[in-house]
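The file protein-v5.pdb comes next; it holds PDB, C-alpha atoms, pLDDT in the B column.
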```
ATOM      1  CA  MET A 277      20.992   9.597-113.489  1.00 54.00           C
ATOM      2  CA  SER A 278      19.878  11.115-110.179  1.00 69.00           C
ATOM      3  CA  ARG A 279      22.375  12.686-107.798  1.00 73.00           C
ATOM      4  CA  TRP A 280      21.737   9.948-105.207  1.00 76.00           C
ATOM      5  CA  LEU A 281      22.517   7.157-107.679  1.00 79.00           C
ATOM      6  CA  THR A 282      25.612   9.021-108.842  1.00 76.00           C
ATOM      7  CA  VAL A 283      26.894   9.295-105.278  1.00 76.00           C
ATOM      8  CA  CYS A 284      26.230   5.589-104.641  1.00 82.00           C
ATOM      9  CA  LEU A 285      28.026   4.613-107.828  1.00 83.00           C
ATOM     10  CA  ARG A 286      31.009   6.759-106.891  1.00 83.00           C
ATOM     11  CA  VAL A 287      31.165   5.194-103.433  1.00 87.00           C
ATOM     12  CA  VAL A 288      31.108   1.676-104.885  1.00 90.00           C
ATOM     13  CA  ILE A 289      33.812   2.489-107.447  1.00 88.00           C
ATOM     14  CA  LEU A 290      35.940   4.183-104.784  1.00 88.00           C
ATOM     15  CA  ALA A 291      35.637   1.200-102.426  1.00 91.00           C
ATOM     16  CA  VAL A 292      36.565  -1.279-105.146  1.00 92.00           C
ATOM     17  CA  ALA A 293      39.512   0.885-106.271  1.00 90.00           C
ATOM     18  CA  VAL A 294      40.838   1.288-102.727  1.00 91.00           C
ATOM     19  CA  LEU A 295      40.597  -2.445-102.013  1.00 93.00           C
ATOM     20  CA  GLY A 296      42.296  -3.196-105.326  1.00 92.00           C
ATOM     21  CA  LEU A 297      45.012  -0.635-104.558  1.00 91.00           C
ATOM     22  CA  VAL A 298      45.732  -2.264-101.191  1.00 91.00           C
ATOM     23  CA  ARG A 299      46.098  -5.673-102.837  1.00 91.00           C
ATOM     24  CA  ALA A 300      48.106  -4.290-105.751  1.00 89.00           C
ATOM     25  CA  THR A 301      50.514  -2.495-103.399  1.00 90.00           C
ATOM     26  CA  SER A 302      51.424  -5.718-101.595  1.00 89.00           C
ATOM     27  CA  TRP A 303      51.566  -7.438-105.005  1.00 87.00           C
ATOM     28  CA  ALA A 304      54.076  -4.833-106.232  1.00 89.00           C
ATOM     29  CA  GLU A 305      56.052  -5.153-103.004  1.00 89.00           C
ATOM     30  CA  GLU A 306      56.687  -8.843-103.739  1.00 87.00           C
ATOM     31  CA  ALA A 307      58.209  -7.995-107.130  1.00 85.00           C
ATOM     32  CA  TYR A 308      60.227  -5.171-105.556  1.00 88.00           C
ATOM     33  CA  ARG A 309      61.725  -7.526-102.960  1.00 87.00           C
ATOM     34  CA  ASP A 310      62.656  -9.995-105.716  1.00 84.00           C
ATOM     35  CA  ARG A 311      64.253  -7.177-107.726  1.00 82.00           C
ATOM     36  CA  VAL A 312      66.308  -6.051-104.725  1.00 85.00           C
ATOM     37  CA  ALA A 313      67.314  -9.656-104.029  1.00 84.00           C
ATOM     38  CA  TYR A 314      68.609  -9.957-107.606  1.00 82.00           C
ATOM     39  CA  ARG A 315      70.546  -6.701-107.407  1.00 82.00           C
ATOM     40  CA  GLU A 316      72.196  -7.684-104.128  1.00 83.00           C
ATOM     41  CA  ALA A 317      72.716 -11.348-104.985  1.00 84.00           C
ATOM     42  CA  PRO A 318      76.294 -12.666-104.790  1.00 86.00           C
ATOM     43  CA  ALA A 319      77.944 -14.585-107.609  1.00 84.00           C
ATOM     44  CA  CYS A 320      77.331 -18.318-107.556  1.00 84.00           C
ATOM     45  CA  ALA A 321      80.242 -20.533-106.608  1.00 74.00           C
ATOM     46  CA  GLY A 322      79.691 -22.684-109.713  1.00 60.00           C
ATOM     47  CA  ALA A 323      78.112 -22.211-113.098  1.00 50.00           C
ATOM     48  CA  HIS A 324      74.579 -23.051-111.992  1.00 53.00           C
ATOM     49  CA  ALA A 325      72.191 -20.305-110.858  1.00 49.00           C
ATOM     50  CA  GLU A 326      70.486 -22.264-108.131  1.00 58.00           C
ATOM     51  CA  GLY A 327      69.187 -20.336-105.171  1.00 61.00           C
ATOM     52  CA  HIS A 328      69.677 -16.614-104.604  1.00 76.00           C
ATOM     53  CA  CYS A 329      72.902 -16.100-106.531  1.00 85.00           C
ATOM     54  CA  VAL A 330      73.904 -14.941-110.006  1.00 88.00           C
ATOM     55  CA  ALA A 331      75.752 -17.430-112.211  1.00 88.00           C
ATOM     56  CA  GLN A 332      78.320 -16.573-114.867  1.00 89.00           C
ATOM     57  CA  VAL A 333      77.663 -19.007-117.702  1.00 90.00           C
ATOM     58  CA  ARG A 334      79.577 -19.571-120.921  1.00 92.00           C
ATOM     59  CA  GLY A 335      77.326 -20.025-123.933  1.00 92.00           C
ATOM     60  CA  GLU A 336      77.413 -20.033-127.713  1.00 94.00           C
ATOM     61  CA  VAL A 337      75.397 -18.206-130.366  1.00 95.00           C
ATOM     62  CA  VAL A 338      73.691 -20.823-132.524  1.00 94.00           C
ATOM     63  CA  ASP A 339      71.344 -18.626-134.567  1.00 94.00           C
ATOM     64  CA  LYS A 340      70.312 -15.020-135.094  1.00 92.00           C
ATOM     65  CA  GLY A 341      67.427 -13.254-136.755  1.00 90.00           C
ATOM     66  CA  ILE A 342      65.270 -10.152-136.893  1.00 86.00           C
ATOM     67  CA  ARG A 343      61.555 -10.103-136.237  1.00 80.00           C
ATOM     68  CA  GLY A 344      59.464  -7.218-137.450  1.00 68.00           C
ATOM     69  CA  CYS A 345      57.596  -5.942-140.444  1.00 61.00           C
ATOM     70  CA  PRO A 346      58.488  -3.874-143.501  1.00 54.00           C
ATOM     71  CA  GLY A 347      58.308  -0.113-143.147  1.00 54.00           C
ATOM     72  CA  GLU A 348      60.205   2.646-141.415  1.00 55.00           C
ATOM     73  CA  GLU A 349      57.883   2.835-138.406  1.00 57.00           C
ATOM     74  CA  CYS A 350      57.997  -0.880-137.584  1.00 60.00           C
ATOM     75  CA  HIS A 351      60.056  -1.905-134.599  1.00 71.00           C
ATOM     76  CA  GLU A 352      62.641  -4.555-135.387  1.00 78.00           C
ATOM     77  CA  ASP A 353      63.349  -7.130-132.726  1.00 85.00           C
ATOM     78  CA  HIS A 354      66.982  -8.261-132.968  1.00 90.00           C
ATOM     79  CA  ARG A 355      67.274 -11.748-131.508  1.00 91.00           C
ATOM     80  CA  LEU A 356      70.051 -14.186-130.748  1.00 93.00           C
ATOM     81  CA  ARG A 357      69.558 -17.851-130.014  1.00 94.00           C
ATOM     82  CA  VAL A 358      72.128 -18.782-127.380  1.00 95.00           C
ATOM     83  CA  ARG A 359      72.937 -22.289-126.198  1.00 93.00           C
ATOM     84  CA  HIS A 360      73.979 -22.701-122.587  1.00 89.00           C
ATOM     85  CA  GLY A 361      74.474 -26.218-121.295  1.00 83.00           C
ATOM     86  CA  GLU A 362      71.738 -28.418-122.709  1.00 85.00           C
ATOM     87  CA  GLU A 363      69.332 -25.538-123.255  1.00 87.00           C
ATOM     88  CA  SER A 364      69.015 -22.801-125.868  1.00 89.00           C
ATOM     89  CA  THR A 365      67.182 -19.517-125.494  1.00 90.00           C
ATOM     90  CA  TRP A 366      66.089 -16.775-127.875  1.00 92.00           C
ATOM     91  CA  LEU A 367      67.107 -13.383-126.449  1.00 92.00           C
ATOM     92  CA  SER A 368      66.120  -9.915-127.652  1.00 90.00           C
ATOM     93  CA  VAL A 369      69.263  -7.771-127.794  1.00 92.00           C
ATOM     94  CA  ASP A 370      70.210  -4.284-128.945  1.00 90.00           C
ATOM     95  CA  ARG A 371      71.440  -3.641-132.455  1.00 90.00           C
ATOM     96  CA  GLU A 372      75.108  -3.347-131.433  1.00 92.00           C
ATOM     97  CA  THR A 373      75.145  -6.727-129.712  1.00 92.00           C
ATOM     98  CA  PHE A 374      73.289  -8.291-132.644  1.00 93.00           C
ATOM     99  CA  GLU A 375      75.781  -6.958-135.189  1.00 92.00           C
ATOM    100  CA  ALA A 376      78.758  -8.042-133.071  1.00 92.00           C
ATOM    101  CA  ALA A 377      77.466 -11.635-132.888  1.00 93.00           C
ATOM    102  CA  HIS A 378      77.863 -14.421-135.403  1.00 92.00           C
ATOM    103  CA  VAL A 379      76.926 -18.084-135.360  1.00 93.00           C
ATOM    104  CA  HIS A 380      79.270 -20.129-133.125  1.00 93.00           C
ATOM    105  CA  ALA A 381      80.494 -16.956-131.383  1.00 94.00           C
ATOM    106  CA  PRO A 382      81.072 -17.404-127.628  1.00 94.00           C
ATOM    107  CA  ALA A 383      78.624 -15.607-125.345  1.00 94.00           C
ATOM    108  CA  ASP A 384      79.006 -14.709-121.680  1.00 94.00           C
ATOM    109  CA  LEU A 385      75.715 -14.934-119.795  1.00 93.00           C
ATOM    110  CA  ARG A 386      74.562 -13.841-116.374  1.00 90.00           C
ATOM    111  CA  MET A 387      71.706 -15.979-115.042  1.00 88.00           C
ATOM    112  CA  TRP A 388      69.339 -15.482-112.140  1.00 84.00           C
ATOM    113  CA  GLN A 389      67.110 -18.384-111.093  1.00 81.00           C
ATOM    114  CA  GLY A 390      67.186 -19.873-114.585  1.00 81.00           C
ATOM    115  CA  THR A 391      66.629 -16.587-116.443  1.00 84.00           C
ATOM    116  CA  VAL A 392      69.274 -14.885-118.576  1.00 89.00           C
ATOM    117  CA  THR A 393      69.718 -11.312-117.299  1.00 88.00           C
ATOM    118  CA  SER A 394      72.726 -10.280-119.380  1.00 91.00           C
ATOM    119  CA  VAL A 395      74.402 -11.442-122.596  1.00 94.00           C
ATOM    120  CA  ALA A 396      77.820 -10.284-123.832  1.00 94.00           C
ATOM    121  CA  VAL A 397      79.028 -11.097-127.359  1.00 94.00           C
ATOM    122  CA  GLY A 398      81.985  -9.632-129.239  1.00 91.00           C
ATOM    123  CA  GLY A 399      82.598  -6.967-126.634  1.00 91.00           C
ATOM    124  CA  ARG A 400      78.963  -5.773-126.669  1.00 93.00           C
ATOM    125  CA  THR A 401      76.543  -6.347-123.792  1.00 93.00           C
ATOM    126  CA  THR A 402      72.768  -6.297-123.545  1.00 92.00           C
ATOM    127  CA  ARG A 403      71.246  -6.250-120.077  1.00 89.00           C
ATOM    128  CA  LEU A 404      67.834  -7.836-119.687  1.00 87.00           C
ATOM    129  CA  LEU A 405      65.417  -7.338-116.831  1.00 78.00           C
ATOM    130  CA  PRO A 406      64.861 -10.434-114.709  1.00 74.00           C
ATOM    131  CA  ASP A 407      61.283 -11.695-114.519  1.00 69.00           C
ATOM    132  CA  SER A 408      60.794  -9.786-111.258  1.00 66.00           C
ATOM    133  CA  GLY A 409      61.934  -6.562-112.948  1.00 69.00           C
ATOM    134  CA  SER A 410      59.367  -6.774-115.733  1.00 75.00           C
ATOM    135  CA  SER A 411      56.746  -7.837-113.222  1.00 83.00           C
ATOM    136  CA  LEU A 412      57.487  -4.827-111.012  1.00 85.00           C
ATOM    137  CA  LEU A 413      56.919  -2.408-113.900  1.00 86.00           C
ATOM    138  CA  TRP A 414      53.527  -3.929-114.740  1.00 88.00           C
ATOM    139  CA  ARG A 415      52.468  -3.975-111.100  1.00 90.00           C
ATOM    140  CA  LEU A 416      53.462  -0.352-110.597  1.00 91.00           C
ATOM    141  CA  ALA A 417      51.341   0.521-113.645  1.00 92.00           C
ATOM    142  CA  VAL A 418      48.344  -1.276-112.113  1.00 93.00           C
ATOM    143  CA  CYS A 419      48.833   0.645-108.833  1.00 93.00           C
ATOM    144  CA  TRP A 420      48.966   3.954-110.710  1.00 93.00           C
ATOM    145  CA  LEU A 421      45.789   3.209-112.666  1.00 92.00           C
ATOM    146  CA  LEU A 422      43.891   2.097-109.561  1.00 92.00           C
ATOM    147  CA  LEU A 423      45.045   5.253-107.780  1.00 92.00           C
ATOM    148  CA  GLY A 424      43.614   7.238-110.670  1.00 90.00           C
ATOM    149  CA  VAL A 425      40.276   5.443-110.481  1.00 90.00           C
ATOM    150  CA  ALA A 426      40.089   6.153-106.736  1.00 90.00           C
ATOM    151  CA  ALA A 427      41.011   9.825-107.196  1.00 87.00           C
ATOM    152  CA  PHE A 428      38.480  10.361-109.978  1.00 85.00           C
ATOM    153  CA  ALA A 429      35.700   8.598-108.079  1.00 84.00           C
ATOM    154  CA  ALA A 430      36.397  10.710-104.990  1.00 82.00           C
ATOM    155  CA  ALA A 431      37.078  14.163-106.382  1.00 76.00           C
ATOM    156  CA  VAL A 432      36.628  14.707-110.124  1.00 66.00           C
ATOM    157  CA  PRO A 433      33.227  16.143-111.114  1.00 65.00           C
ATOM    158  CA  ARG A 434      31.147  14.663-113.920  1.00 62.00           C
ATOM    159  CA  ARG A 435      31.842  17.190-116.625  1.00 61.00           C
ATOM    160  CA  PRO A 436      33.326  16.879-120.133  1.00 57.00           C
ATOM    161  CA  PRO A 437      36.833  17.961-118.928  1.00 67.00           C
ATOM    162  CA  ALA A 438      36.881  14.825-116.755  1.00 73.00           C
ATOM    163  CA  GLY A 439      37.455  12.776-119.900  1.00 76.00           C
ATOM    164  CA  PHE A 440      40.526  14.830-120.783  1.00 79.00           C
ATOM    165  CA  LEU A 441      41.847  14.525-117.221  1.00 80.00           C
ATOM    166  CA  ALA A 442      41.357  10.744-117.307  1.00 84.00           C
ATOM    167  CA  ALA A 443      43.161  10.516-120.655  1.00 84.00           C
ATOM    168  CA  GLY A 444      45.998  12.645-119.268  1.00 86.00           C
ATOM    169  CA  TRP A 445      46.299  10.370-116.230  1.00 88.00           C
ATOM    170  CA  LEU A 446      46.409   7.309-118.479  1.00 88.00           C
ATOM    171  CA  LEU A 447      49.104   8.847-120.706  1.00 87.00           C
ATOM    172  CA  LEU A 448      51.102   9.726-117.600  1.00 89.00           C
ATOM    173  CA  THR A 449      51.390   6.030-116.667  1.00 89.00           C
ATOM    174  CA  PRO A 450      54.817   5.375-118.311  1.00 87.00           C
ATOM    175  CA  THR A 451      56.325   8.425-116.585  1.00 87.00           C
ATOM    176  CA  ALA A 452      54.886   7.433-113.205  1.00 89.00           C
ATOM    177  CA  VAL A 453      56.192   3.871-113.575  1.00 87.00           C
ATOM    178  CA  ILE A 454      59.694   5.022-114.559  1.00 85.00           C
ATOM    179  CA  VAL A 455      59.922   7.505-111.682  1.00 84.00           C
ATOM    180  CA  ALA A 456      58.545   5.034-109.119  1.00 86.00           C
ATOM    181  CA  ASP A 457      60.856   2.243-110.310  1.00 84.00           C
ATOM    182  CA  THR A 458      63.997   4.399-110.235  1.00 83.00           C
ATOM    183  CA  VAL A 459      63.129   5.987-106.879  1.00 82.00           C
ATOM    184  CA  LEU A 460      62.414   2.622-105.250  1.00 83.00           C
ATOM    185  CA  LEU A 461      65.703   1.197-106.471  1.00 78.00           C
ATOM    186  CA  GLY A 462      67.696   4.354-105.757  1.00 74.00           C
ATOM    187  CA  THR A 463      68.851   4.774-109.355  1.00 65.00           C
ATOM    188  CA  LEU A 464      67.120   8.042-110.295  1.00 59.00           C
ATOM    189  CA  GLY A 465      69.434  10.143-112.467  1.00 64.00           C
ATOM    190  CA  VAL A 466      69.326  13.109-114.815  1.00 67.00           C
ATOM    191  CA  GLY A 467      68.667  10.840-117.792  1.00 70.00           C
ATOM    192  CA  ASP A 468      65.694   9.214-116.042  1.00 67.00           C
ATOM    193  CA  VAL A 469      64.240  12.628-115.187  1.00 71.00           C
ATOM    194  CA  LEU A 470      64.586  13.894-118.758  1.00 78.00           C
ATOM    195  CA  PHE A 471      63.134  10.703-120.263  1.00 76.00           C
ATOM    196  CA  GLY A 472      60.196  10.747-117.839  1.00 76.00           C
ATOM    197  CA  ALA A 473      59.570  14.437-118.573  1.00 80.00           C
ATOM    198  CA  LEU A 474      59.580  13.763-122.310  1.00 83.00           C
ATOM    199  CA  LEU A 475      57.016  10.979-121.938  1.00 81.00           C
ATOM    200  CA  ALA A 476      54.877  13.256-119.761  1.00 83.00           C
ATOM    201  CA  VAL A 477      54.473  15.931-122.469  1.00 85.00           C
ATOM    202  CA  PRO A 478      51.436  14.297-124.207  1.00 83.00           C
ATOM    203  CA  ALA A 479      49.777  13.740-120.828  1.00 82.00           C
ATOM    204  CA  VAL A 480      50.229  17.378-119.821  1.00 80.00           C
ATOM    205  CA  LEU A 481      48.957  18.629-123.177  1.00 81.00           C
ATOM    206  CA  VAL A 482      45.822  16.468-122.979  1.00 81.00           C
ATOM    207  CA  GLY A 483      45.170  17.000-119.267  1.00 74.00           C
ATOM    208  CA  VAL A 484      45.774  20.768-119.221  1.00 73.00           C
ATOM    209  CA  LEU A 485      44.793  21.984-122.673  1.00 72.00           C
ATOM    210  CA  GLY A 486      41.900  19.546-123.132  1.00 69.00           C
ATOM    211  CA  PRO A 487      39.652  21.003-120.387  1.00 66.00           C
ATOM    212  CA  ARG A 488      40.394  24.538-121.594  1.00 69.00           C
ATOM    213  CA  ILE A 489      39.406  23.650-125.141  1.00 65.00           C
ATOM    214  CA  ALA A 490      36.207  21.977-123.893  1.00 62.00           C
ATOM    215  CA  LYS A 491      35.395  25.044-121.767  1.00 65.00           C
ATOM    216  CA  ALA A 492      36.015  27.367-124.709  1.00 63.00           C
ATOM    217  CA  ARG A 493      33.739  25.314-126.969  1.00 62.00           C
ATOM    218  CA  ALA A 494      31.010  25.285-124.313  1.00 59.00           C
ATOM    219  CA  GLY A 495      31.310  29.083-124.045  1.00 57.00           C
ATOM    220  CA  ASN A 496      31.020  29.503-127.812  1.00 57.00           C
ATOM    221  CA  ARG A 497      27.863  27.370-127.873  1.00 57.00           C
ATOM    222  CA  GLY A 498      26.377  29.644-125.252  1.00 50.00           C
ATOM    223  CA  PHE A 499      26.313  32.616-127.606  1.00 46.00           C
TER     224      PHE A 499
END
```
Take the structure in this file and express it as structure tokens.
Amino acid sequence: MSRWLTVCLRVVILAVAVLGLVRATSWAEEAYRDRVAYREAPACAGAHAEGHCVAQVRGEVVDKGIRGCPGEECHEDHRLRVRHGEESTWLSVDRETFEAAHVHAPADLRMWQGTVTSVAVGGRTTRLLPDSGSSLLWRLAVCWLLLGVAAFAAAVPRRPPAGFLAAGWLLLTPTAVIVADTVLLGTLGVGDVLFGALLAVPAVLVGVLGPRIAKARAGNRGF
């Protein structure tokens, strides 16, 4: 591909990425505002989570089960089916809450706009992200990836190390999302920093060591 065509292609990709980033930023802002509204919402006067308030609802465990597959590396999804009012909902909970629950056990629920955000059974509690919380994480990931596309189109040269840098950026997505989410909500702590740093290790290894390995191999082929 000629240099002129390469430049044109980069310009087109950069323009698309920047436009997408602008839209994605406002898209993420909507989820962020909903998340803040949930965190600052007062308790509802009654047991119905209508409007911008959090309801305390009394429920009952009517079933429990584990989804997963055989094998040590398979992730088991511990689930409780909880009835509240005329509805019942399957909820994924942590192992402690699952083991503390039994059929017909009472369950204390926190609900936000019809979604269960917390379930307490037998003295154990599992907190669940509201829909806006999960949405914010996905939207932050989209913003990070679009930012990467824009940066690579604008600055990264077309050489083999570029593939390692792109892979490193992709692997860095979970860390970037965690840091952005905790900073935006003002909840960044030592544990968040350590967890984000741990997730960043594969990205750093690929992004830093990968280009060096590619350069070393290219040098060896030159002899």
With the PyMOL selection byres ((chain A and resi 336) around 10) as the selection, what would be picked from this file? Answer as a list of chain:residue names, please. A:Arg334, A:Gly335, A:Val337, A:Val338, A:Asp339, A:Leu356, A:Arg357, A:Val358, A:Arg359, A:His360, A:Gly361, A:Ser364, A:Ala377, A:His378, A:Val379, A:His380, A:Ala381, A:Pro382, A:Ala383, A:Asp384, A:Leu385, A:Val397
Atomic distance atom CA of A:Ser368 - atom CA of A:Glu352, expressed in Å with one decimal: 10.0 Å
Shell around A:Leu470 at 12 Å using all atoms listed in the file, local window under 6 positions removed, as an mmCIF file with C-alpha atoms, in the frame of the given file:
```cif
data_model
loop_
_atom_site.group_PDB
_atom_site.id
_atom_site.type_symbol
_atom_site.label_atom_id
_atom_site.label_comp_id
_atom_site.auth_asym_id
_atom_site.auth_seq_id
_atom_site.Cartn_x
_atom_site.Cartn_y
_atom_site.Cartn_z
ATOM 1 C CA THR A 451 56.325 8.425 -116.585
ATOM 2 C CA ILE A 454 59.694 5.022 -114.559
ATOM 3 C CA VAL A 455 59.922 7.505 -111.682
ATOM 4 C CA LEU A 464 67.120 8.042 -110.295
ATOM 5 C CA ALA A 476 54.877 13.256 -119.761
ATOM 6 C CA VAL A 477 54.473 15.931 -122.469
#
```
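The space between atom CA of A:Trp445 and atom CA of A:Leu481 spans 11.1 Å.
Here atom CA of A:Leu460 is placed at a distance of 25.0 Å from atom CA of A:Thr401.
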Between A:Leu474, A:Ala293, A:Leu416, A:Leu485, which has the minimum distance to A:Leu441 (counting all atoms listed in the file)? A:Leu485
For the structure provided, state which residues fall under the PyMOL selection byres ((chain A and resi 402) around 9), and present them as a count of residues only. 14
Chain and number of each residue from the PyMOL selection byres ((chain A and resi 294-309) around 7), as an MDAnalysis selection string: chainID A and resid 290:293 310:313 408 411:412 415:416 419 422:423 426
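Distances to A:Phe471 were evaluated for A:Ala452, A:Trp280, A:Gly483, A:Val333 using all atoms listed in the file, and the minimum falls at A:Ala452.
Each of A:Gly399, A:Ala429, A:Asp353, A:Ala321 was checked against A:Leu285 using all atoms listed in the file; the smallest atom-to-atom distance is that of A:Ala429.
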Distance query A:Gly444 at most 12 Å, only C-alpha atoms, self and fewer than 2 positions along chain excluded, as a short mmCIF file (atom, residue, chain, number, x, y, z; two decimals) with C-alpha atoms, in the coordinates of the input:
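Okay, this is what ended up in selection.cif:
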```cif
data_model
loop_
_atom_site.label_atom_id
_atom_site.label_comp_id
_atom_site.auth_asym_id
_atom_site.auth_seq_id
_atom_site.Cartn_x
_atom_site.Cartn_y
_atom_site.Cartn_z
CA LEU A 421 45.79 3.21 -112.67
CA GLY A 424 43.61 7.24 -110.67
CA PRO A 437 36.83 17.96 -118.93
CA ALA A 438 36.88 14.82 -116.76
CA GLY A 439 37.46 12.78 -119.90
CA PHE A 440 40.53 14.83 -120.78
CA LEU A 441 41.85 14.52 -117.22
CA ALA A 442 41.36 10.74 -117.31
CA LEU A 446 46.41 7.31 -118.48
CA LEU A 447 49.10 8.85 -120.71
CA LEU A 448 51.10 9.73 -117.60
CA THR A 449 51.39 6.03 -116.67
CA PRO A 450 54.82 5.38 -118.31
CA THR A 451 56.32 8.43 -116.58
CA ALA A 452 54.89 7.43 -113.20
CA LEU A 475 57.02 10.98 -121.94
CA ALA A 476 54.88 13.26 -119.76
CA VAL A 477 54.47 15.93 -122.47
CA PRO A 478 51.44 14.30 -124.21
CA ALA A 479 49.78 13.74 -120.83
CA VAL A 480 50.23 17.38 -119.82
CA LEU A 481 48.96 18.63 -123.18
CA VAL A 482 45.82 16.47 -122.98
CA GLY A 483 45.17 17.00 -119.27
CA VAL A 484 45.77 20.77 -119.22
CA LEU A 485 44.79 21.98 -122.67
CA GLY A 486 41.90 19.55 -123.13
CA PRO A 487 39.65 21.00 -120.39
#
```
